[in-house]
Every structure is written in structure tokens, then in C-alpha cells.
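Undergrad: Got a file for you: input-v2.cif, mmCIF, N, CA and C atoms.
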```
data_final
loop_
_atom_site.label_atom_id
_atom_site.label_comp_id
_atom_site.auth_asym_id
_atom_site.auth_seq_id
_atom_site.Cartn_x
_atom_site.Cartn_y
_atom_site.Cartn_z
N MET A 1 153.54 59.35 100.07
CA MET A 1 152.19 58.86 100.24
C MET A 1 151.38 59.05 98.97
N THR A 2 151.55 60.19 98.32
CA THR A 2 150.81 60.45 97.08
C THR A 2 151.20 59.46 96.00
N GLY A 3 152.48 59.12 95.93
CA GLY A 3 152.95 58.13 94.96
C GLY A 3 152.31 56.78 95.20
N PHE A 4 152.16 56.42 96.46
CA PHE A 4 151.53 55.16 96.81
C PHE A 4 150.08 55.15 96.36
N ILE A 5 149.33 56.18 96.72
CA ILE A 5 147.91 56.25 96.37
C ILE A 5 147.73 56.30 94.85
N ALA A 6 148.61 57.03 94.17
CA ALA A 6 148.50 57.15 92.72
C ALA A 6 148.74 55.81 92.02
N ALA A 7 149.46 54.91 92.65
CA ALA A 7 149.75 53.62 92.03
C ALA A 7 148.67 52.59 92.29
N THR A 8 147.76 52.87 93.20
CA THR A 8 146.66 51.95 93.42
C THR A 8 145.56 52.28 92.43
N LEU A 9 144.44 51.62 92.54
CA LEU A 9 143.35 51.86 91.61
C LEU A 9 142.59 53.14 91.90
N PHE A 10 142.95 53.86 92.98
CA PHE A 10 142.33 55.15 93.27
C PHE A 10 142.90 56.21 92.33
N PRO A 11 142.06 57.10 91.84
CA PRO A 11 142.58 58.15 90.96
C PRO A 11 143.35 59.20 91.75
N ALA A 12 144.58 59.42 91.38
CA ALA A 12 145.43 60.43 92.03
C ALA A 12 146.63 60.69 91.12
N SER A 13 147.29 61.79 91.35
CA SER A 13 148.46 62.14 90.56
C SER A 13 149.59 62.55 91.50
N SER A 14 150.69 61.86 91.38
CA SER A 14 151.84 62.16 92.24
C SER A 14 152.75 63.22 91.62
N GLU A 15 152.62 63.45 90.33
CA GLU A 15 153.53 64.35 89.63
C GLU A 15 153.41 65.79 90.12
N VAL A 16 152.18 66.23 90.37
CA VAL A 16 151.97 67.62 90.80
C VAL A 16 152.69 67.89 92.12
N LEU A 17 152.52 67.00 93.08
CA LEU A 17 153.18 67.18 94.38
C LEU A 17 154.70 67.08 94.22
N LEU A 18 155.16 66.12 93.42
CA LEU A 18 156.60 65.96 93.21
C LEU A 18 157.21 67.24 92.65
N LEU A 19 156.58 67.81 91.65
CA LEU A 19 157.11 69.04 91.04
C LEU A 19 157.02 70.23 92.00
N ALA A 20 155.96 70.28 92.80
CA ALA A 20 155.83 71.36 93.78
C ALA A 20 156.95 71.27 94.82
N LEU A 21 157.24 70.06 95.28
CA LEU A 21 158.32 69.88 96.25
C LEU A 21 159.68 70.17 95.62
N TYR A 22 159.83 69.82 94.36
CA TYR A 22 161.07 70.14 93.66
C TYR A 22 161.28 71.66 93.61
N GLN A 23 160.23 72.38 93.28
CA GLN A 23 160.32 73.84 93.21
C GLN A 23 160.61 74.47 94.57
N GLN A 24 160.23 73.77 95.63
CA GLN A 24 160.50 74.29 96.98
C GLN A 24 161.93 74.00 97.42
N GLY A 25 162.68 73.28 96.59
CA GLY A 25 164.09 73.07 96.88
C GLY A 25 164.45 71.77 97.57
N TYR A 26 163.54 70.83 97.64
CA TYR A 26 163.86 69.53 98.24
C TYR A 26 164.91 68.80 97.40
N ALA A 27 165.66 67.95 98.05
CA ALA A 27 166.73 67.21 97.38
C ALA A 27 166.16 66.30 96.29
N VAL A 28 166.76 66.37 95.12
CA VAL A 28 166.26 65.63 93.96
C VAL A 28 166.29 64.12 94.23
N PHE A 29 167.39 63.62 94.77
CA PHE A 29 167.47 62.18 95.01
C PHE A 29 166.42 61.72 96.01
N GLY A 30 166.20 62.48 97.04
CA GLY A 30 165.17 62.14 98.03
C GLY A 30 163.78 62.14 97.42
N LEU A 31 163.50 63.13 96.59
CA LEU A 31 162.21 63.18 95.90
C LEU A 31 162.04 61.97 94.99
N TRP A 32 163.09 61.67 94.22
CA TRP A 32 163.04 60.53 93.30
C TRP A 32 162.82 59.23 94.08
N LEU A 33 163.58 59.06 95.16
CA LEU A 33 163.48 57.84 95.95
C LEU A 33 162.10 57.69 96.58
N ALA A 34 161.57 58.75 97.14
CA ALA A 34 160.26 58.70 97.79
C ALA A 34 159.16 58.43 96.77
N ALA A 35 159.20 59.12 95.63
CA ALA A 35 158.17 58.93 94.61
C ALA A 35 158.23 57.53 94.01
N THR A 36 159.44 57.08 93.69
CA THR A 36 159.59 55.75 93.10
C THR A 36 159.18 54.67 94.10
N SER A 37 159.63 54.78 95.33
CA SER A 37 159.30 53.78 96.35
C SER A 37 157.80 53.73 96.62
N GLY A 38 157.20 54.89 96.82
CA GLY A 38 155.77 54.94 97.10
C GLY A 38 154.94 54.41 95.96
N ASN A 39 155.28 54.81 94.74
CA ASN A 39 154.51 54.37 93.58
C ASN A 39 154.69 52.88 93.35
N THR A 40 155.91 52.38 93.55
CA THR A 40 156.16 50.95 93.40
C THR A 40 155.42 50.15 94.47
N LEU A 41 155.42 50.64 95.69
CA LEU A 41 154.70 49.96 96.76
C LEU A 41 153.20 49.88 96.47
N GLY A 42 152.64 50.95 95.94
CA GLY A 42 151.23 50.93 95.55
C GLY A 42 150.95 49.87 94.50
N SER A 43 151.87 49.72 93.55
CA SER A 43 151.72 48.69 92.53
C SER A 43 151.84 47.29 93.13
N CYS A 44 152.66 47.16 94.16
CA CYS A 44 152.78 45.87 94.85
C CYS A 44 151.47 45.50 95.52
N VAL A 45 150.77 46.49 96.06
CA VAL A 45 149.44 46.25 96.64
C VAL A 45 148.50 45.75 95.55
N ASN A 46 148.55 46.38 94.38
CA ASN A 46 147.71 45.92 93.26
C ASN A 46 148.03 44.48 92.89
N TRP A 47 149.33 44.14 92.82
CA TRP A 47 149.74 42.78 92.48
C TRP A 47 149.16 41.79 93.49
N TYR A 48 149.28 42.12 94.76
CA TYR A 48 148.77 41.24 95.81
C TYR A 48 147.25 41.10 95.72
N LEU A 49 146.56 42.22 95.50
CA LEU A 49 145.11 42.15 95.36
C LEU A 49 144.72 41.28 94.17
N GLY A 50 145.46 41.42 93.07
CA GLY A 50 145.19 40.58 91.91
C GLY A 50 145.42 39.12 92.21
N LYS A 51 146.47 38.83 92.95
CA LYS A 51 146.78 37.44 93.32
C LYS A 51 145.67 36.84 94.17
N GLU A 52 145.15 37.61 95.08
CA GLU A 52 144.11 37.13 95.99
C GLU A 52 142.70 37.21 95.38
N LEU A 53 142.55 38.03 94.38
CA LEU A 53 141.25 38.28 93.79
C LEU A 53 140.60 37.02 93.23
N LEU A 54 141.39 36.15 92.65
CA LEU A 54 140.84 34.96 92.01
C LEU A 54 140.13 34.03 92.97
N ARG A 55 140.41 34.15 94.25
CA ARG A 55 139.71 33.31 95.23
C ARG A 55 138.22 33.60 95.24
N PHE A 56 137.84 34.77 94.76
CA PHE A 56 136.46 35.20 94.83
C PHE A 56 135.75 35.19 93.49
N GLN A 57 136.37 34.64 92.45
CA GLN A 57 135.80 34.74 91.12
C GLN A 57 134.48 33.99 90.95
N HIS A 58 134.16 33.10 91.84
CA HIS A 58 132.90 32.35 91.74
C HIS A 58 131.78 32.98 92.56
N LYS A 59 132.07 34.09 93.20
CA LYS A 59 131.07 34.79 93.99
C LYS A 59 130.17 35.61 93.07
N ARG A 60 128.95 35.76 93.46
CA ARG A 60 127.98 36.49 92.66
C ARG A 60 128.38 37.96 92.46
N TRP A 61 128.98 38.56 93.48
CA TRP A 61 129.34 39.98 93.45
C TRP A 61 130.64 40.28 92.72
N PHE A 62 131.35 39.24 92.29
CA PHE A 62 132.65 39.43 91.64
C PHE A 62 132.49 40.35 90.43
N PRO A 63 133.29 41.43 90.36
CA PRO A 63 133.05 42.48 89.36
C PRO A 63 133.47 42.15 87.93
N VAL A 64 134.18 41.05 87.72
CA VAL A 64 134.68 40.72 86.39
C VAL A 64 134.20 39.34 86.00
N ASN A 65 133.63 39.22 84.82
CA ASN A 65 133.18 37.89 84.39
C ASN A 65 134.35 37.10 83.81
N PRO A 66 134.21 35.79 83.69
CA PRO A 66 135.32 34.96 83.21
C PRO A 66 135.86 35.38 81.84
N ALA A 67 134.99 35.84 80.95
CA ALA A 67 135.44 36.26 79.62
C ALA A 67 136.34 37.50 79.71
N GLN A 68 135.96 38.44 80.56
CA GLN A 68 136.77 39.64 80.73
C GLN A 68 138.12 39.30 81.34
N LEU A 69 138.10 38.38 82.30
CA LEU A 69 139.33 37.95 82.95
C LEU A 69 140.25 37.27 81.94
N ALA A 70 139.68 36.41 81.10
CA ALA A 70 140.47 35.72 80.08
C ALA A 70 141.04 36.72 79.07
N LYS A 71 140.25 37.70 78.68
CA LYS A 71 140.71 38.71 77.72
C LYS A 71 141.87 39.52 78.30
N ALA A 72 141.76 39.92 79.56
CA ALA A 72 142.83 40.67 80.21
C ALA A 72 144.10 39.83 80.25
N GLY A 73 143.96 38.55 80.57
CA GLY A 73 145.12 37.66 80.61
C GLY A 73 145.76 37.49 79.24
N GLN A 74 144.92 37.38 78.20
CA GLN A 74 145.45 37.25 76.83
C GLN A 74 146.21 38.50 76.42
N GLN A 75 145.66 39.66 76.74
CA GLN A 75 146.33 40.91 76.38
C GLN A 75 147.66 41.05 77.12
N PHE A 76 147.67 40.68 78.38
CA PHE A 76 148.92 40.75 79.15
C PHE A 76 149.94 39.78 78.56
N ASN A 77 149.52 38.56 78.29
CA ASN A 77 150.43 37.55 77.76
C ASN A 77 150.91 37.88 76.35
N ARG A 78 150.14 38.67 75.63
CA ARG A 78 150.52 39.08 74.28
C ARG A 78 151.84 39.86 74.31
N TYR A 79 151.99 40.71 75.31
CA TYR A 79 153.20 41.52 75.42
C TYR A 79 154.15 41.00 76.49
N GLY A 80 153.65 40.14 77.35
CA GLY A 80 154.49 39.51 78.36
C GLY A 80 154.81 40.41 79.54
N SER A 81 155.64 39.89 80.41
CA SER A 81 156.01 40.60 81.63
C SER A 81 156.71 41.92 81.36
N TRP A 82 157.35 42.04 80.21
CA TRP A 82 158.06 43.29 79.88
C TRP A 82 157.11 44.47 79.83
N SER A 83 155.83 44.20 79.62
CA SER A 83 154.85 45.30 79.59
C SER A 83 154.77 46.01 80.95
N LEU A 84 155.25 45.36 82.00
CA LEU A 84 155.25 45.98 83.33
C LEU A 84 156.17 47.21 83.39
N LEU A 85 157.07 47.33 82.44
CA LEU A 85 157.89 48.54 82.36
C LEU A 85 157.02 49.77 82.09
N LEU A 86 155.81 49.53 81.58
CA LEU A 86 154.87 50.62 81.28
C LEU A 86 153.81 50.79 82.36
N SER A 87 154.07 50.24 83.52
CA SER A 87 153.08 50.33 84.60
C SER A 87 152.88 51.75 85.10
N TRP A 88 153.71 52.68 84.70
CA TRP A 88 153.59 54.07 85.10
C TRP A 88 152.56 54.82 84.25
N LEU A 89 152.13 54.23 83.15
CA LEU A 89 151.20 54.92 82.26
C LEU A 89 149.85 55.17 82.92
N PRO A 90 149.27 56.33 82.66
CA PRO A 90 147.92 56.59 83.17
C PRO A 90 146.92 55.62 82.55
N VAL A 91 145.88 55.33 83.25
CA VAL A 91 144.75 54.51 82.83
C VAL A 91 145.08 53.02 82.74
N VAL A 92 146.13 52.64 82.02
CA VAL A 92 146.42 51.21 81.83
C VAL A 92 147.41 50.65 82.84
N GLY A 93 148.22 51.50 83.45
CA GLY A 93 149.28 51.01 84.34
C GLY A 93 148.79 50.30 85.58
N ASP A 94 147.81 50.87 86.26
CA ASP A 94 147.31 50.26 87.50
C ASP A 94 146.61 48.93 87.23
N PRO A 95 145.70 48.85 86.26
CA PRO A 95 145.11 47.55 85.96
C PRO A 95 146.14 46.52 85.50
N LEU A 96 147.18 46.98 84.83
CA LEU A 96 148.24 46.09 84.38
C LEU A 96 148.90 45.38 85.56
N THR A 97 149.14 46.12 86.64
CA THR A 97 149.77 45.51 87.82
C THR A 97 148.81 44.56 88.53
N LEU A 98 147.52 44.86 88.47
CA LEU A 98 146.52 43.97 89.05
C LEU A 98 146.44 42.66 88.27
N VAL A 99 146.44 42.76 86.95
CA VAL A 99 146.40 41.57 86.09
C VAL A 99 147.66 40.73 86.30
N ALA A 100 148.80 41.38 86.48
CA ALA A 100 150.04 40.64 86.74
C ALA A 100 149.89 39.77 87.99
N GLY A 101 149.19 40.28 88.98
CA GLY A 101 148.95 39.49 90.18
C GLY A 101 148.02 38.32 89.91
N THR A 102 146.97 38.55 89.13
CA THR A 102 146.04 37.44 88.84
C THR A 102 146.73 36.36 88.04
N LEU A 103 147.69 36.74 87.21
CA LEU A 103 148.42 35.77 86.40
C LEU A 103 149.63 35.19 87.14
N ARG A 104 149.82 35.62 88.37
CA ARG A 104 150.88 35.11 89.23
C ARG A 104 152.28 35.32 88.65
N VAL A 105 152.49 36.51 88.08
CA VAL A 105 153.84 36.87 87.63
C VAL A 105 154.74 36.81 88.86
N ARG A 106 155.90 36.20 88.72
CA ARG A 106 156.83 36.10 89.85
C ARG A 106 157.05 37.47 90.45
N PHE A 107 156.93 37.55 91.78
CA PHE A 107 157.00 38.84 92.44
C PHE A 107 158.34 39.53 92.24
N GLY A 108 159.43 38.78 92.26
CA GLY A 108 160.75 39.39 92.06
C GLY A 108 160.86 40.06 90.70
N LEU A 109 160.39 39.39 89.66
CA LEU A 109 160.40 39.96 88.32
C LEU A 109 159.47 41.16 88.24
N PHE A 110 158.29 41.02 88.83
CA PHE A 110 157.33 42.12 88.88
C PHE A 110 157.96 43.35 89.53
N LEU A 111 158.57 43.16 90.70
CA LEU A 111 159.16 44.26 91.44
C LEU A 111 160.28 44.94 90.65
N LEU A 112 161.11 44.15 90.02
CA LEU A 112 162.22 44.69 89.22
C LEU A 112 161.69 45.55 88.07
N LEU A 113 160.77 45.01 87.28
CA LEU A 113 160.29 45.73 86.10
C LEU A 113 159.48 46.97 86.46
N VAL A 114 158.63 46.85 87.47
CA VAL A 114 157.82 48.00 87.88
C VAL A 114 158.72 49.10 88.46
N THR A 115 159.68 48.73 89.28
CA THR A 115 160.58 49.71 89.86
C THR A 115 161.40 50.42 88.77
N LEU A 116 161.88 49.66 87.81
CA LEU A 116 162.64 50.26 86.71
C LEU A 116 161.78 51.25 85.93
N GLY A 117 160.58 50.85 85.57
CA GLY A 117 159.70 51.71 84.80
C GLY A 117 159.33 52.98 85.55
N LYS A 118 158.94 52.83 86.79
CA LYS A 118 158.52 53.99 87.58
C LYS A 118 159.71 54.87 87.95
N GLY A 119 160.83 54.25 88.27
CA GLY A 119 162.03 55.02 88.60
C GLY A 119 162.51 55.85 87.43
N LEU A 120 162.49 55.25 86.24
CA LEU A 120 162.89 55.98 85.04
C LEU A 120 161.93 57.13 84.76
N ARG A 121 160.65 56.89 84.94
CA ARG A 121 159.66 57.94 84.73
C ARG A 121 159.91 59.14 85.63
N TYR A 122 160.12 58.89 86.93
CA TYR A 122 160.35 59.99 87.86
C TYR A 122 161.70 60.67 87.59
N ALA A 123 162.70 59.90 87.17
CA ALA A 123 163.99 60.49 86.84
C ALA A 123 163.85 61.45 85.65
N VAL A 124 163.11 61.03 84.64
CA VAL A 124 162.89 61.89 83.47
C VAL A 124 162.10 63.13 83.87
N LEU A 125 161.08 62.95 84.68
CA LEU A 125 160.26 64.07 85.13
C LEU A 125 161.09 65.09 85.90
N LEU A 126 161.92 64.61 86.81
CA LEU A 126 162.77 65.52 87.59
C LEU A 126 163.84 66.17 86.71
N TYR A 127 164.36 65.43 85.75
CA TYR A 127 165.34 66.01 84.83
C TYR A 127 164.70 67.14 84.03
N LEU A 128 163.50 66.89 83.49
CA LEU A 128 162.80 67.93 82.74
C LEU A 128 162.48 69.14 83.61
N ALA A 129 162.12 68.88 84.85
CA ALA A 129 161.85 69.98 85.78
C ALA A 129 163.10 70.82 86.00
N SER A 130 164.25 70.16 86.08
CA SER A 130 165.51 70.91 86.28
C SER A 130 165.84 71.80 85.09
N LYS A 131 165.37 71.42 83.93
CA LYS A 131 165.63 72.23 82.72
C LYS A 131 164.59 73.34 82.56
N LEU A 132 163.40 73.13 83.08
CA LEU A 132 162.31 74.10 82.91
C LEU A 132 162.22 75.12 84.03
N PHE A 133 162.57 74.71 85.26
CA PHE A 133 162.38 75.61 86.41
C PHE A 133 163.69 76.21 86.82
#
```
Render the structure in this file as C-alpha cells.

TA:
Amino acid sequence: MTGFIAATLFPASSEVLLLALYQQGYAVFGLWLAATSGNTLGSCVNWYLGKELLRFQHKRWFPVNPAQLAKAGQQFNRYGSWSLLLSWLPVVGDPLTLVAGTLRVRFGLFLLLVTLGKGLRYAVLLYLASKLF
């Protein structure tokens, strides 16, 4: 659940809970699978919200003006879909998944790249934990 919340636009950190559960002796593969799945699912919510968000861009309350939206799209397109491998990064990762939805990145490609990036991140984190603890 923490991985899911951490992947949405809400501020949260899944790493602290993951490492605490690791120290308590939970199975590494189960921890990796739960963290990766939850975090990826949260990013999928962001993608969907981004996809649906454009329906409201002409509303007065819409939080992003057309210039900001265009700039975000240009920055995403500058690096392309491969930038989704970095969706695990703090601060930029969550908005990146939202922009991918607004740009209608194919969901299959989105899911593959985000899962790879987040899965690798948690694998490295758990590996480092095994060496430190």
C-alpha cells in the first residue's frame, strides 16, 4: 500500500517501510514483488489521470495553463518514452508518469518501462540492504 501511495502525486516514501520489513525478516522476493507492484500500480493511476486530465483543460479551474502543458510535453518528448525508466526518481518521477498519460503513451510500453525501472530500483535497494544489515 505504501508503494502505491508513494507512486501517486501524494508525498510518501515506500523505502522506509520496505527496509523495516526487510529487517524484520520478511521474504526478499515477496517484499520486492509487493513494492514493485504497488509502486507500479500507483504510476498507472497517474497515467490514467493524465489521460483523462485533458478533458478538463478548457475549464477555468484547470491547474495547468496551455504553455505549461506544452512545455511538459516538449520535455517528455525530448527524452522520449525511455525516460519512464526513471519514473522511480523523487520529485520528477510522479509528474513524468502523469505527463505520459496526457501524451497518450501506449499503456503496454508505459507499463513495461515503469515496471522495469521501479523493479530494478527495489532490487538494488534490497541488495544494498542485504549487504548493510

Undergrad: For the contact check between stretch 63-105 of chain A and stretch 117-123 of chain A, emit one row per residue of stretch 63-105 of chain A within 8 Å, containing the shortest atom pair and the distance in Å rounded to one decimal, counting all atoms listed in the file, chain then rising number order, as a Markdown table.

TA:
```
| residue | atom | partner | partner_atom | distance |
| --- | --- | --- | --- | --- |
| A:Leu84 | C | A:Gly117 | CA | 5.9 |
| A:Leu85 | C | A:Gly117 | CA | 4.3 |
| A:Leu86 | N | A:Gly117 | CA | 5.5 |
| A:Ser87 | N | A:Gly117 | CA | 6.0 |
| A:Trp88 | CA | A:Lys118 | CA | 5.5 |
| A:Leu89 | N | A:Gly117 | C | 7.7 |
```

Undergrad: I'd like to know which residues of stretch 61-132 of chain A are helix (DSSP H, G or I) (by DSSP, run on the backbone); could you write them as an mmCIF file with N, CA and C atoms, keeping the file's coordinate frame?

TA:
```cif
data_model
loop_
_atom_site.group_PDB
_atom_site.id
_atom_site.type_symbol
_atom_site.label_atom_id
_atom_site.label_comp_id
_atom_site.auth_asym_id
_atom_site.auth_seq_id
_atom_site.Cartn_x
_atom_site.Cartn_y
_atom_site.Cartn_z
ATOM 1 N N PRO A 66 134.210 35.790 83.690
ATOM 2 C CA PRO A 66 135.320 34.960 83.210
ATOM 3 C C PRO A 66 135.860 35.380 81.840
ATOM 4 N N ALA A 67 134.990 35.840 80.950
ATOM 5 C CA ALA A 67 135.440 36.260 79.620
ATOM 6 C C ALA A 67 136.340 37.500 79.710
ATOM 7 N N GLN A 68 135.960 38.440 80.560
ATOM 8 C CA GLN A 68 136.770 39.640 80.730
ATOM 9 C C GLN A 68 138.120 39.300 81.340
ATOM 10 N N LEU A 69 138.100 38.380 82.300
ATOM 11 C CA LEU A 69 139.330 37.950 82.950
ATOM 12 C C LEU A 69 140.250 37.270 81.940
ATOM 13 N N ALA A 70 139.680 36.410 81.100
ATOM 14 C CA ALA A 70 140.470 35.720 80.080
ATOM 15 C C ALA A 70 141.040 36.720 79.070
ATOM 16 N N LYS A 71 140.250 37.700 78.680
ATOM 17 C CA LYS A 71 140.710 38.710 77.720
ATOM 18 C C LYS A 71 141.870 39.520 78.300
ATOM 19 N N ALA A 72 141.760 39.920 79.560
ATOM 20 C CA ALA A 72 142.830 40.670 80.210
ATOM 21 C C ALA A 72 144.100 39.830 80.250
ATOM 22 N N GLY A 73 143.960 38.550 80.570
ATOM 23 C CA GLY A 73 145.120 37.660 80.610
ATOM 24 C C GLY A 73 145.760 37.490 79.240
ATOM 25 N N GLN A 74 144.920 37.380 78.200
ATOM 26 C CA GLN A 74 145.450 37.250 76.830
ATOM 27 C C GLN A 74 146.210 38.500 76.420
ATOM 28 N N GLN A 75 145.660 39.660 76.740
ATOM 29 C CA GLN A 75 146.330 40.910 76.380
ATOM 30 C C GLN A 75 147.660 41.050 77.120
ATOM 31 N N PHE A 76 147.670 40.680 78.380
ATOM 32 C CA PHE A 76 148.920 40.750 79.150
ATOM 33 C C PHE A 76 149.940 39.780 78.560
ATOM 34 N N ASN A 77 149.520 38.560 78.290
ATOM 35 C CA ASN A 77 150.430 37.550 77.760
ATOM 36 C C ASN A 77 150.910 37.880 76.350
ATOM 37 N N ARG A 78 150.140 38.670 75.630
ATOM 38 C CA ARG A 78 150.520 39.080 74.280
ATOM 39 C C ARG A 78 151.840 39.860 74.310
ATOM 40 N N TYR A 79 151.990 40.710 75.310
ATOM 41 C CA TYR A 79 153.200 41.520 75.420
ATOM 42 C C TYR A 79 154.150 41.000 76.490
ATOM 43 N N SER A 81 155.640 39.890 80.410
ATOM 44 C CA SER A 81 156.010 40.600 81.630
ATOM 45 C C SER A 81 156.710 41.920 81.360
ATOM 46 N N TRP A 82 157.350 42.040 80.210
ATOM 47 C CA TRP A 82 158.060 43.290 79.880
ATOM 48 C C TRP A 82 157.110 44.470 79.830
ATOM 49 N N SER A 83 155.830 44.200 79.620
ATOM 50 C CA SER A 83 154.850 45.300 79.590
ATOM 51 C C SER A 83 154.770 46.010 80.950
ATOM 52 N N LEU A 84 155.250 45.360 82.000
ATOM 53 C CA LEU A 84 155.250 45.980 83.330
ATOM 54 C C LEU A 84 156.170 47.210 83.390
ATOM 55 N N LEU A 85 157.070 47.330 82.440
ATOM 56 C CA LEU A 85 157.890 48.540 82.360
ATOM 57 C C LEU A 85 157.020 49.770 82.090
ATOM 58 N N LEU A 86 155.810 49.530 81.580
ATOM 59 C CA LEU A 86 154.870 50.620 81.280
ATOM 60 C C LEU A 86 153.810 50.790 82.360
ATOM 61 N N GLY A 93 148.220 51.500 83.450
ATOM 62 C CA GLY A 93 149.280 51.010 84.340
ATOM 63 C C GLY A 93 148.790 50.300 85.580
ATOM 64 N N ASP A 94 147.810 50.870 86.260
ATOM 65 C CA ASP A 94 147.310 50.260 87.500
ATOM 66 C C ASP A 94 146.610 48.930 87.230
ATOM 67 N N PRO A 95 145.700 48.850 86.260
ATOM 68 C CA PRO A 95 145.110 47.550 85.960
ATOM 69 C C PRO A 95 146.140 46.520 85.500
ATOM 70 N N LEU A 96 147.180 46.980 84.830
ATOM 71 C CA LEU A 96 148.240 46.090 84.380
ATOM 72 C C LEU A 96 148.900 45.380 85.560
ATOM 73 N N THR A 97 149.140 46.120 86.640
ATOM 74 C CA THR A 97 149.770 45.510 87.820
ATOM 75 C C THR A 97 148.810 44.560 88.530
ATOM 76 N N LEU A 98 147.520 44.860 88.470
ATOM 77 C CA LEU A 98 146.520 43.970 89.050
ATOM 78 C C LEU A 98 146.440 42.660 88.270
ATOM 79 N N VAL A 99 146.440 42.760 86.950
ATOM 80 C CA VAL A 99 146.400 41.570 86.090
ATOM 81 C C VAL A 99 147.660 40.730 86.300
ATOM 82 N N ALA A 100 148.800 41.380 86.480
ATOM 83 C CA ALA A 100 150.040 40.640 86.740
ATOM 84 C C ALA A 100 149.890 39.770 87.990
ATOM 85 N N GLY A 101 149.190 40.280 88.980
ATOM 86 C CA GLY A 101 148.950 39.490 90.180
ATOM 87 C C GLY A 101 148.020 38.320 89.910
ATOM 88 N N THR A 102 146.970 38.550 89.130
ATOM 89 C CA THR A 102 146.040 37.440 88.840
ATOM 90 C C THR A 102 146.730 36.360 88.040
ATOM 91 N N PHE A 107 156.930 37.550 91.780
ATOM 92 C CA PHE A 107 157.000 38.840 92.440
ATOM 93 C C PHE A 107 158.340 39.530 92.240
ATOM 94 N N GLY A 108 159.430 38.780 92.260
ATOM 95 C CA GLY A 108 160.750 39.390 92.060
ATOM 96 C C GLY A 108 160.860 40.060 90.700
ATOM 97 N N LEU A 109 160.390 39.390 89.660
ATOM 98 C CA LEU A 109 160.400 39.960 88.320
ATOM 99 C C LEU A 109 159.470 41.160 88.240
ATOM 100 N N PHE A 110 158.290 41.020 88.830
ATOM 101 C CA PHE A 110 157.330 42.120 88.880
ATOM 102 C C PHE A 110 157.960 43.350 89.530
ATOM 103 N N LEU A 111 158.570 43.160 90.700
ATOM 104 C CA LEU A 111 159.160 44.260 91.440
ATOM 105 C C LEU A 111 160.280 44.940 90.650
ATOM 106 N N LEU A 112 161.110 44.150 90.020
ATOM 107 C CA LEU A 112 162.220 44.690 89.220
ATOM 108 C C LEU A 112 161.690 45.550 88.070
ATOM 109 N N LEU A 113 160.770 45.010 87.280
ATOM 110 C CA LEU A 113 160.290 45.730 86.100
ATOM 111 C C LEU A 113 159.480 46.970 86.460
ATOM 112 N N VAL A 114 158.630 46.850 87.470
ATOM 113 C CA VAL A 114 157.820 48.000 87.880
ATOM 114 C C VAL A 114 158.720 49.100 88.460
ATOM 115 N N THR A 115 159.680 48.730 89.280
ATOM 116 C CA THR A 115 160.580 49.710 89.860
ATOM 117 C C THR A 115 161.400 50.420 88.770
ATOM 118 N N LEU A 116 161.880 49.660 87.810
ATOM 119 C CA LEU A 116 162.640 50.260 86.710
ATOM 120 C C LEU A 116 161.780 51.250 85.930
ATOM 121 N N GLY A 117 160.580 50.850 85.570
ATOM 122 C CA GLY A 117 159.700 51.710 84.800
ATOM 123 C C GLY A 117 159.330 52.980 85.550
ATOM 124 N N LYS A 118 158.940 52.830 86.790
ATOM 125 C CA LYS A 118 158.520 53.990 87.580
ATOM 126 C C LYS A 118 159.710 54.870 87.950
ATOM 127 N N GLY A 119 160.830 54.250 88.270
ATOM 128 C CA GLY A 119 162.030 55.020 88.600
ATOM 129 C C GLY A 119 162.510 55.850 87.430
ATOM 130 N N LEU A 120 162.490 55.250 86.240
ATOM 131 C CA LEU A 120 162.890 55.980 85.040
ATOM 132 C C LEU A 120 161.930 57.130 84.760
ATOM 133 N N ARG A 121 160.650 56.890 84.940
ATOM 134 C CA ARG A 121 159.660 57.940 84.730
ATOM 135 C C ARG A 121 159.910 59.140 85.630
ATOM 136 N N TYR A 122 160.120 58.890 86.930
ATOM 137 C CA TYR A 122 160.350 59.990 87.860
ATOM 138 C C TYR A 122 161.700 60.670 87.590
ATOM 139 N N ALA A 123 162.700 59.900 87.170
ATOM 140 C CA ALA A 123 163.990 60.490 86.840
ATOM 141 C C ALA A 123 163.850 61.450 85.650
ATOM 142 N N VAL A 124 163.110 61.030 84.640
ATOM 143 C CA VAL A 124 162.890 61.890 83.470
ATOM 144 C C VAL A 124 162.100 63.130 83.870
ATOM 145 N N LEU A 125 161.080 62.950 84.680
ATOM 146 C CA LEU A 125 160.260 64.070 85.130
ATOM 147 C C LEU A 125 161.090 65.090 85.900
ATOM 148 N N LEU A 126 161.920 64.610 86.810
ATOM 149 C CA LEU A 126 162.770 65.520 87.590
ATOM 150 C C LEU A 126 163.840 66.170 86.710
ATOM 151 N N TYR A 127 164.360 65.430 85.750
ATOM 152 C CA TYR A 127 165.340 66.010 84.830
ATOM 153 C C TYR A 127 164.700 67.140 84.030
ATOM 154 N N LEU A 128 163.500 66.890 83.490
ATOM 155 C CA LEU A 128 162.800 67.930 82.740
ATOM 156 C C LEU A 128 162.480 69.140 83.610
ATOM 157 N N ALA A 129 162.120 68.880 84.850
ATOM 158 C CA ALA A 129 161.850 69.980 85.780
ATOM 159 C C ALA A 129 163.100 70.820 86.000
ATOM 160 N N SER A 130 164.250 70.160 86.080
ATOM 161 C CA SER A 130 165.510 70.910 86.280
ATOM 162 C C SER A 130 165.840 71.800 85.090
ATOM 163 N N LYS A 131 165.370 71.420 83.930
ATOM 164 C CA LYS A 131 165.630 72.230 82.720
ATOM 165 C C LYS A 131 164.590 73.340 82.560
ATOM 166 N N LEU A 132 163.400 73.130 83.080
ATOM 167 C CA LEU A 132 162.310 74.100 82.910
ATOM 168 C C LEU A 132 162.220 75.120 84.030
#
```

Undergrad: With distances taken over only C-alpha atoms, which residue among A:Thr40, A:His58, A:Leu126, A:Arg106 lies nearest A:Leu17?

TA: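 Of all the options, A:Leu126 lies closest to A:Leu17.
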
Undergrad: Name the residues captured by the PyMOL selection byres (((chain A and resi 73 and name CA) around 12) and name CA) when it is applied to the shown file; answer as a list in words.

TA: Gly50, Pro66, Ala67, Gln68, Leu69, Ala70, Lys71, Ala72, Gln74, Gln75, Phe76, Asn77, Arg78, Tyr79, Gly80, Ser81, Pro95, Leu96, Thr97, Leu98, Val99, Ala100, Gly101, Thr102, Leu103, Arg104 and Val105 of chain A

Undergrad: Between atom N of A:Phe133 and atom C of A:Tyr22, what distance in Å does the model show, to one decimal?

TA: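 Going from atom N of A:Phe133 over to atom C of A:Tyr22, I get 9.0 Å.
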
Undergrad: Between A:Gln23, A:Ser14, A:Gln57, A:Ser130, which residue has the minimum interatomic distance to A:Ala35, considering only N, CA and C atoms?

TA: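 The shortest atom-to-atom distance to A:Ala35 comes from A:Ser14.
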
Undergrad: Could you please determine the separation between atom CA of A:Leu109 and atom CA of A:Leu53 in Å, to one decimal place?

TA: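 Interatomic distance, atom CA of A:Leu109 to atom CA of A:Leu53: 20.0 Å.
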